[in-house]
file model39.tsv (TSV, C-alpha atoms)
chain	number	residue	atom	x	y	z
A	210	MET	CA	122.66	92.11	77.62
A	211	SER	CA	119.52	92.19	75.47
A	212	SER	CA	116.92	94.91	75.83
A	213	ARG	CA	114.36	92.33	76.94
A	214	ALA	CA	116.60	91.14	79.78
A	215	THR	CA	117.27	94.75	80.76
A	216	GLU	CA	113.55	95.45	80.91
A	217	LEU	CA	113.02	92.32	82.99
A	218	PHE	CA	115.69	93.30	85.52
A	219	SER	CA	114.37	96.86	85.58
A	220	ALA	CA	110.81	95.69	86.27
A	221	THR	CA	112.01	93.27	88.96
A	222	GLY	CA	114.04	96.00	90.63
A	223	ALA	CA	111.10	98.41	90.51
A	224	ARG	CA	108.80	95.81	92.12
A	225	PHE	CA	111.39	95.07	94.79
A	226	LEU	CA	111.76	98.77	95.60
A	227	ALA	CA	107.97	99.20	95.71
A	228	VAL	CA	107.60	96.29	98.13
A	229	SER	CA	110.48	97.59	100.24
A	230	GLU	CA	108.89	101.03	100.36
A	231	LEU	CA	105.56	99.51	101.41
A	232	VAL	CA	107.10	97.35	104.14
A	233	GLY	CA	109.14	100.31	105.37
A	234	GLY	CA	106.05	102.53	105.45
A	235	LEU	CA	104.07	99.93	107.39
A	236	GLY	CA	106.96	99.51	109.81
A	237	MET	CA	107.27	103.25	110.40
A	238	ILE	CA	103.57	103.73	111.10
A	239	PHE	CA	103.58	100.67	113.36
A	240	GLY	CA	106.46	102.16	115.34
A	241	ARG	CA	104.63	105.47	115.73
A	242	ILE	CA	101.41	103.78	116.84
A	243	LEU	CA	103.33	101.51	119.22
A	244	SER	CA	105.02	104.50	120.85
A	245	ARG	CA	101.58	106.02	121.57
A	246	LEU	CA	100.29	102.71	122.89
A	247	VAL	CA	103.20	102.39	125.32
A	248	ARG	CA	102.47	105.88	126.66
A	249	LEU	CA	98.68	105.27	126.58
A	250	ASP	CA	98.53	108.41	124.46
A	251	PHE	CA	95.34	108.01	122.45
A	252	ASP	CA	91.84	109.47	122.41
A	253	ARG	CA	89.46	107.29	124.48
A	254	GLY	CA	86.31	108.80	122.99
A	255	GLU	CA	87.51	108.10	119.47
A	256	LEU	CA	88.37	104.54	120.50
A	257	LEU	CA	84.86	103.86	121.85
A	258	LYS	CA	83.28	105.37	118.73
A	259	ASN	CA	85.41	103.19	116.47
A	260	MET	CA	84.80	100.07	118.55
A	261	TYR	CA	81.06	100.53	118.07
A	262	LYS	CA	81.38	101.32	114.37
A	263	MET	CA	83.85	98.52	113.64
A	264	GLY	CA	82.69	95.87	116.10
A	265	VAL	CA	78.98	96.16	116.80
A	266	LYS	CA	78.05	97.07	113.23
A	267	SER	CA	80.06	94.12	111.90
A	268	VAL	CA	78.01	91.58	113.88
A	269	PRO	CA	75.48	90.79	111.09
A	270	ILE	CA	78.13	89.92	108.50
A	271	VAL	CA	80.10	87.91	111.07
A	272	VAL	CA	76.96	85.93	112.01
A	273	VAL	CA	76.09	85.10	108.39
A	274	THR	CA	79.69	84.20	107.51
A	275	ALA	CA	80.15	82.01	110.59
A	276	LEU	CA	76.90	80.05	110.24
A	277	PHE	CA	77.50	79.24	106.59
A	278	THR	CA	81.15	78.43	107.28
A	279	GLY	CA	80.03	75.73	109.73
A	280	GLY	CA	77.57	74.38	107.19
A	281	ILE	CA	80.24	74.28	104.47
A	282	MET	CA	82.56	72.30	106.74
A	283	VAL	CA	79.88	69.66	107.17
A	284	ILE	CA	79.08	69.52	103.45
A	285	GLN	CA	82.76	69.00	102.65
A	286	ALA	CA	83.06	66.27	105.29
A	287	ALA	CA	79.81	64.49	104.33
A	288	PRO	CA	81.26	62.12	101.65
A	289	ILE	CA	84.03	60.90	103.99
A	290	VAL	CA	81.64	60.53	106.93
A	291	ASN	CA	79.19	58.52	104.85
A	292	ARG	CA	81.89	56.37	103.27
A	293	TYR	CA	83.53	55.32	106.53
A	294	GLY	CA	80.60	55.75	108.91
A	295	ALA	CA	82.68	58.09	111.07
A	296	LYS	CA	79.79	60.14	112.40
A	297	ALA	CA	81.35	60.33	115.86
A	298	LEU	CA	84.32	62.22	114.39
A	299	LEU	CA	82.26	64.85	112.56
A	300	GLY	CA	82.58	67.28	115.46
A	301	TRP	CA	86.35	66.88	115.59
A	302	GLY	CA	86.75	67.30	111.83
A	303	ALA	CA	84.59	70.41	111.61
A	304	GLY	CA	86.00	71.88	114.83
A	305	PHE	CA	89.66	71.33	113.93
A	306	SER	CA	89.47	73.09	110.57
A	307	THR	CA	87.14	75.84	111.83
A	308	LEU	CA	89.04	76.76	114.99
A	309	ARG	CA	92.54	76.64	113.54
A	310	GLU	CA	92.10	77.84	109.98
A	311	VAL	CA	88.81	78.62	108.29
A	312	GLY	CA	87.16	80.65	111.07
A	313	PRO	CA	89.98	83.19	111.59
A	314	LEU	CA	90.76	83.39	107.87
A	315	LEU	CA	87.24	84.08	106.59
A	316	THR	CA	86.42	86.43	109.47
A	317	ALA	CA	89.61	88.40	108.78
A	318	LEU	CA	88.73	88.72	105.10
A	319	MET	CA	85.23	89.97	105.98
A	320	ILE	CA	86.59	92.50	108.49
A	321	SER	CA	89.22	93.58	105.97
A	322	GLY	CA	86.61	94.23	103.31
A	323	ARG	CA	84.21	96.04	105.59
A	324	VAL	CA	86.29	97.72	108.29
A	325	GLY	CA	89.71	98.09	106.69
A	326	ALA	CA	88.41	99.57	103.44
A	327	ASN	CA	86.08	101.93	105.31
A	328	ASN	CA	88.91	103.08	107.58
A	329	THR	CA	91.10	103.87	104.58
A	330	ALA	CA	88.30	105.78	102.87
A	331	GLU	CA	87.67	107.89	105.98
A	332	LEU	CA	91.33	108.71	106.55
A	333	GLY	CA	91.94	109.34	102.85
A	334	THR	CA	88.98	111.72	102.68
A	335	MET	CA	90.34	113.58	105.71
A	336	VAL	CA	93.71	113.91	103.98
A	337	VAL	CA	92.42	115.21	100.65
A	338	THR	CA	90.04	117.65	102.36
A	339	GLU	CA	92.95	118.89	104.54
A	340	GLN	CA	91.31	117.88	107.82
A	341	ILE	CA	94.56	116.18	108.90
A	342	ASP	CA	96.43	119.45	108.29
A	343	ALA	CA	93.80	121.25	110.35
A	344	LEU	CA	94.41	118.87	113.26
A	345	ARG	CA	98.14	119.57	113.10
A	346	ALA	CA	97.42	123.31	112.99
A	347	LEU	CA	95.43	122.89	116.22
A	348	ALA	CA	98.39	121.01	117.80
A	349	ILE	CA	96.45	117.70	117.77
A	350	ASP	CA	98.56	114.67	116.94
A	351	PRO	CA	96.78	112.69	114.16
A	352	ILE	CA	98.56	109.48	115.24
A	353	SER	CA	97.16	109.71	118.78
A	354	PHE	CA	93.77	111.10	117.82
A	355	LEU	CA	92.97	109.08	114.70
A	356	LEU	CA	95.32	106.20	113.95
A	357	THR	CA	95.98	104.63	117.35
A	358	PRO	CA	92.28	104.31	118.32
A	359	ARG	CA	91.52	102.80	114.92
A	360	PHE	CA	94.45	100.40	115.21
A	361	ILE	CA	93.23	99.19	118.62
A	362	GLY	CA	89.65	99.04	117.37
A	363	ILE	CA	90.47	96.83	114.38
A	364	VAL	CA	92.67	94.41	116.34
A	365	VAL	CA	90.19	94.05	119.21
A	366	THR	CA	87.23	93.80	116.81
A	367	LEU	CA	88.83	90.97	114.86
A	368	PHE	CA	89.89	89.12	118.02
A	369	LEU	CA	86.38	89.23	119.48
A	370	SER	CA	84.77	88.52	116.11
A	371	VAL	CA	86.82	85.34	115.74
A	372	ILE	CA	85.70	84.11	119.17
A	373	PHE	CA	82.09	84.88	118.24
A	374	SER	CA	82.35	83.37	114.76
A	375	ASP	CA	84.01	80.17	116.05
A	376	ALA	CA	81.10	79.57	118.41
A	377	LEU	CA	78.51	80.30	115.72
A	378	ALA	CA	80.34	78.21	113.12
A	379	LEU	CA	80.33	75.19	115.43
A	380	PHE	CA	76.65	75.78	116.17
A	381	GLY	CA	75.90	75.95	112.46
A	382	ALA	CA	78.01	72.85	111.80
A	383	ALA	CA	76.19	70.88	114.50
A	384	TYR	CA	72.75	71.54	113.05
A	385	ALA	CA	73.92	71.23	109.46
A	386	GLY	CA	75.27	67.80	110.42
A	387	TYR	CA	71.88	66.90	111.83
A	388	ALA	CA	70.04	68.12	108.73
A	389	ILE	CA	72.41	66.61	106.15
A	390	LEU	CA	73.86	63.50	107.81
A	391	GLY	CA	71.42	62.81	110.63
A	392	VAL	CA	74.16	63.26	113.25
A	393	GLU	CA	72.61	64.34	116.54
A	394	PRO	CA	74.00	67.62	117.92
A	395	ILE	CA	74.99	65.83	121.14
A	396	THR	CA	77.07	63.39	119.08
A	397	PHE	CA	78.66	66.32	117.25
A	398	TYR	CA	79.59	68.09	120.48
A	399	ASN	CA	80.88	64.85	122.05
A	400	GLY	CA	83.24	64.49	119.10
A	401	LEU	CA	84.22	68.12	119.48
A	402	THR	CA	85.13	67.71	123.16
A	403	SER	CA	86.45	64.15	123.05
A	404	GLY	CA	90.04	65.18	123.75
A	405	LEU	CA	91.20	65.35	120.15
A	406	LEU	CA	90.71	69.11	120.28
A	407	GLY	CA	92.21	71.26	123.02
A	408	MET	CA	92.77	74.84	124.06
A	409	GLU	CA	95.89	74.95	121.88
A	410	ASP	CA	93.64	74.68	118.82
A	411	VAL	CA	91.53	77.60	120.02
A	412	ALA	CA	94.67	79.58	120.88
A	413	HIS	CA	96.08	78.86	117.43
A	414	GLY	CA	93.15	80.62	115.78
A	415	LEU	CA	93.15	83.50	118.25
A	416	ILE	CA	96.86	84.16	117.70
A	417	LYS	CA	96.14	84.34	113.99
A	418	SER	CA	93.28	86.77	114.62
A	419	VAL	CA	95.64	89.19	116.40
A	420	VAL	CA	98.24	88.95	113.61
A	421	PHE	CA	95.61	89.43	110.91
A	422	GLY	CA	94.14	92.38	112.82
A	423	ILE	CA	97.54	94.08	112.98
A	424	VAL	CA	98.02	93.63	109.22
A	425	ILE	CA	94.57	95.03	108.38
A	426	ALA	CA	94.99	97.96	110.77
A	427	LEU	CA	98.46	98.90	109.51
A	428	ALA	CA	97.50	98.61	105.83
A	429	SER	CA	94.32	100.66	106.22
A	430	CYS	CA	95.99	103.37	108.30
A	431	HIS	CA	99.07	103.55	106.05
A	432	PHE	CA	97.19	103.86	102.77
A	433	GLY	CA	94.63	106.18	104.33
A	434	ILE	CA	97.11	108.64	105.79
A	435	THR	CA	99.31	108.66	102.65
A	436	THR	CA	96.43	109.25	100.21
A	437	SER	CA	97.09	111.79	97.46
A	438	GLY	CA	95.41	112.83	94.24
A	439	GLY	CA	91.96	113.88	95.39
A	440	ALA	CA	88.91	111.64	95.13
A	441	PRO	CA	90.53	109.20	92.64
A	442	GLY	CA	93.39	108.85	95.10
A	443	VAL	CA	90.96	107.74	97.80
A	444	GLY	CA	89.69	105.00	95.49
A	445	ARG	CA	93.22	103.84	94.75
A	446	ALA	CA	94.05	103.81	98.46
A	447	VAL	CA	91.01	101.68	99.28
A	448	ASN	CA	91.88	99.25	96.49
A	449	ALA	CA	95.48	99.00	97.72
A	450	THR	CA	94.29	98.36	101.27
A	451	VAL	CA	92.06	95.46	100.24
A	452	VAL	CA	94.79	93.87	98.10
A	453	VAL	CA	97.62	94.28	100.61
A	454	SER	CA	95.45	93.16	103.54
A	455	ALA	CA	94.29	90.01	101.76
A	456	THR	CA	97.81	89.19	100.58
A	457	GLY	CA	99.25	89.81	104.04
A	458	ILE	CA	96.56	87.64	105.65
A	459	PHE	CA	97.37	84.65	103.44
A	460	VAL	CA	101.14	85.05	103.71
A	461	LEU	CA	101.06	85.42	107.49
A	462	ASP	CA	98.54	82.58	107.78
A	463	TYR	CA	101.17	80.31	106.27
A	464	LEU	CA	104.00	81.72	108.40
A	465	VAL	CA	102.06	81.55	111.67
A	466	SER	CA	100.85	78.01	110.90
A	467	PHE	CA	104.42	76.97	110.14
A	468	ALA	CA	105.82	78.68	113.24
A	469	ILE	CA	103.40	77.43	115.88
A	470	GLY	CA	102.32	74.18	114.24
call {"tool": "encode", "arguments": {"input": "model39.tsv", "output": "structure tokens"}}
result
Amino acid sequence: MSSRATELFSATGARFLAVSELVGGLGMIFGRILSRLVRLDFDRGELLKNMYKMGVKSVPIVVVTALFTGGIMVIQAAPIVNRYGAKALLGWGAGFSTLREVGPLLTALMISGRVGANNTAELGTMVVTEQIDALRALAIDPISFLLTPRFIGIVVTLFLSVIFSDALALFGAAYAGYAILGVEPITFYNGLTSGLLGMEDVAHGLIKSVVFGIVIALASCHFGITTSGGAPGVGRAVNATVVVSATGIFVLDYLVSFAIG
């Protein structure tokens, strides 16, 4: 076997082991968090603090993202609507893609960049400054005190943000349709509620929001709690969180779409 083939197999094996180690680490931390959730063993005060920090403070970016998402849906649909005169179906077209796909996906990426990265940076800083060791020395479980509240906070934040962003995206689409195509908002909303869209379309996006939230929460907690190497290590952990979260979101978006149709 040539040296080039050997190097190729060696690199492939190393990548496979790295991915396996990552998946195993995520699975282990998920199991530990799940065991605390089953026992309701987590700090309520820390949960409320994180819900405010992750949810309420994310409202501005969710609002901007959602409104422009709705507008983009209308801009993309404008040539087809004008060509075939299908103004009555503008609401269905914008609503279908927003509720099932674009709304949850873009909101998850925004929450990943803002909340997931920040969570990793906070946990990583606690690790390198030995605050996690101090908690253990005081007989405080870091999983219950730090990770579980943050896990719940991220999942709930993304779920509620998707509901909020869906409503705002449809609002933005309705008035973008009026400004660009001259479609009255009432016509837009009639198309949206004409029966072509149903609760299963809303549920489709909400299921994705929960799955995406779990991925972001696990990635940010895993890389945060396993940070090493001082301040540069915190930067590497944040970078890894953003990359793994985004990759996981797209992969699971495909799998969930394939599984539930």
call {"tool": "closest_residue", "arguments": {"input": "model39.tsv", "among": "A:Val273, A:Ala295, A:Ala317, A:Ala220", "to": "A:Leu367", "atoms": "only C-alpha atoms"}}
result
A:Ala317
call {"tool": "axis_aligned_box", "arguments": {"input": "model39.tsv", "around": "stretch 221-226 of chain A", "padding_each_side": "6 Å", "output": "AutoDock Vina command-line options"}}
result
--center_x 111.4 --center_y 96.0 --center_z 92.3 --size_x 17.2 --size_y 17.5 --size_z 18.6
call {"tool": "closest_residue", "arguments": {"input": "model39.tsv", "among": "A:Arg445, A:His431, A:Arg359, A:Arg345", "to": "A:Gly240", "atoms": "only C-alpha atoms"}}
result
A:His431
call {"tool": "residues_near_point", "arguments": {"input": "model39.tsv", "point": "(92.5, 93.0, 107.2)", "cutoff": "7 Å", "atoms": "all atoms listed in the file", "output": "count of residues only"}}
result
13
call {"tool": "residues_around", "arguments": {"input": "model39.tsv", "residues": "A:Asp462", "least_positions_apart": "6", "cutoff": "10 Å", "atoms": "only C-alpha atoms", "output": "ChimeraX atom specification"}}
result
/A:310,313-314,414,417-418,420-421,456,468
call {"tool": "closest_residue", "arguments": {"input": "model39.tsv", "among": "A:Arg245, A:Ile349, A:Ala385, A:Tyr398", "to": "A:Ala286", "atoms": "all atoms listed in the file"}}
result
A:Ala385
call {"tool": "closest_residue", "arguments": {"input": "model39.tsv", "among": "A:Leu427, A:Leu217, A:Val311, A:Leu390", "to": "A:Val453", "atoms": "all atoms listed in the file"}}
result
A:Leu427
call {"tool": "closest_residue", "arguments": {"input": "model39.tsv", "among": "A:Ile361, A:Ile242, A:Leu461, A:Val337", "to": "A:Glu255", "atoms": "all atoms listed in the file"}}
result
A:Ile361
call {"tool": "closest_residue", "arguments": {"input": "model39.tsv", "among": "A:Ile469, A:Ser403, A:Phe432, A:Phe459", "to": "A:Ala297", "atoms": "all atoms listed in the file"}}
result
A:Ser403
call {"tool": "residues_around", "arguments": {"input": "model39.tsv", "residues": "A:Phe354", "least_positions_apart": "4", "cutoff": "9 Å", "atoms": "only C-alpha atoms", "output": "PyMOL selection string"}}
result
chain A and resi 250-253+255-256+349-350+358
call {"tool": "residues_around", "arguments": {"input": "model39.tsv", "residues": "A:Gly236", "least_positions_apart": "2", "cutoff": "12 Å", "atoms": "all atoms listed in the file", "output": "compact mmCIF listing (two decimals) with C-alpha atoms, in the coordinates of the input"}}
result
# COMPACT_ATOMS: atom_id res chain seq x y z
CA SER A 229 110.48 97.59 100.24
CA GLU A 230 108.89 101.03 100.36
CA LEU A 231 105.56 99.51 101.41
CA VAL A 232 107.10 97.35 104.14
CA GLY A 233 109.14 100.31 105.37
CA GLY A 234 106.05 102.53 105.45
CA ILE A 238 103.57 103.73 111.10
CA PHE A 239 103.58 100.67 113.36
CA GLY A 240 106.46 102.16 115.34
CA ARG A 241 104.63 105.47 115.73
CA ILE A 242 101.41 103.78 116.84
CA LEU A 243 103.33 101.51 119.22
CA ILE A 423 97.54 94.08 112.98
CA VAL A 424 98.02 93.63 109.22
CA LEU A 427 98.46 98.90 109.51
CA ALA A 428 97.50 98.61 105.83
CA CYS A 430 95.99 103.37 108.30
CA HIS A 431 99.07 103.55 106.05
call {"tool": "residues_around", "arguments": {"input": "model39.tsv", "residues": "A:Gly439", "least_positions_apart": "4", "cutoff": "12 Å", "atoms": "only C-alpha atoms", "output": "PDB file with C-alpha atoms, in the coordinates of the input"}}
result
ATOM      1  CA  ALA A 330      88.300 105.780 102.870  1.00  0.00           C
ATOM      2  CA  GLY A 333      91.940 109.340 102.850  1.00  0.00           C
ATOM      3  CA  THR A 334      88.980 111.720 102.680  1.00  0.00           C
ATOM      4  CA  MET A 335      90.340 113.580 105.710  1.00  0.00           C
ATOM      5  CA  VAL A 336      93.710 113.910 103.980  1.00  0.00           C
ATOM      6  CA  VAL A 337      92.420 115.210 100.650  1.00  0.00           C
ATOM      7  CA  THR A 338      90.040 117.650 102.360  1.00  0.00           C
ATOM      8  CA  GLU A 339      92.950 118.890 104.540  1.00  0.00           C
ATOM      9  CA  THR A 435      99.310 108.660 102.650  1.00  0.00           C
ATOM     10  CA  VAL A 443      90.960 107.740  97.800  1.00  0.00           C
ATOM     11  CA  GLY A 444      89.690 105.000  95.490  1.00  0.00           C
ATOM     12  CA  ARG A 445      93.220 103.840  94.750  1.00  0.00           C
ATOM     13  CA  ALA A 446      94.050 103.810  98.460  1.00  0.00           C
TER      14      ALA A 446
END
call {"tool": "residues_around", "arguments": {"input": "model39.tsv", "residues": "A:Pro351", "least_positions_apart": "5", "cutoff": "7 Å", "atoms": "only C-alpha atoms", "output": "ChimeraX atom specification"}}
result
/A:341,344,356
call {"tool": "atom_distance", "arguments": {"input": "model39.tsv", "atom1": "atom CA of A:Val371", "atom2": "atom CA of A:Phe467"}}
result
20.3 Å
call {"tool": "atom_distance", "arguments": {"input": "model39.tsv", "atom1": "atom CA of A:Phe368", "atom2": "atom CA of A:Ser244"}}
result
21.8 Å
call {"tool": "atom_distance", "arguments": {"input": "model39.tsv", "atom1": "atom CA of A:Lys258", "atom2": "atom CA of A:Glu331"}}
result
13.7 Å
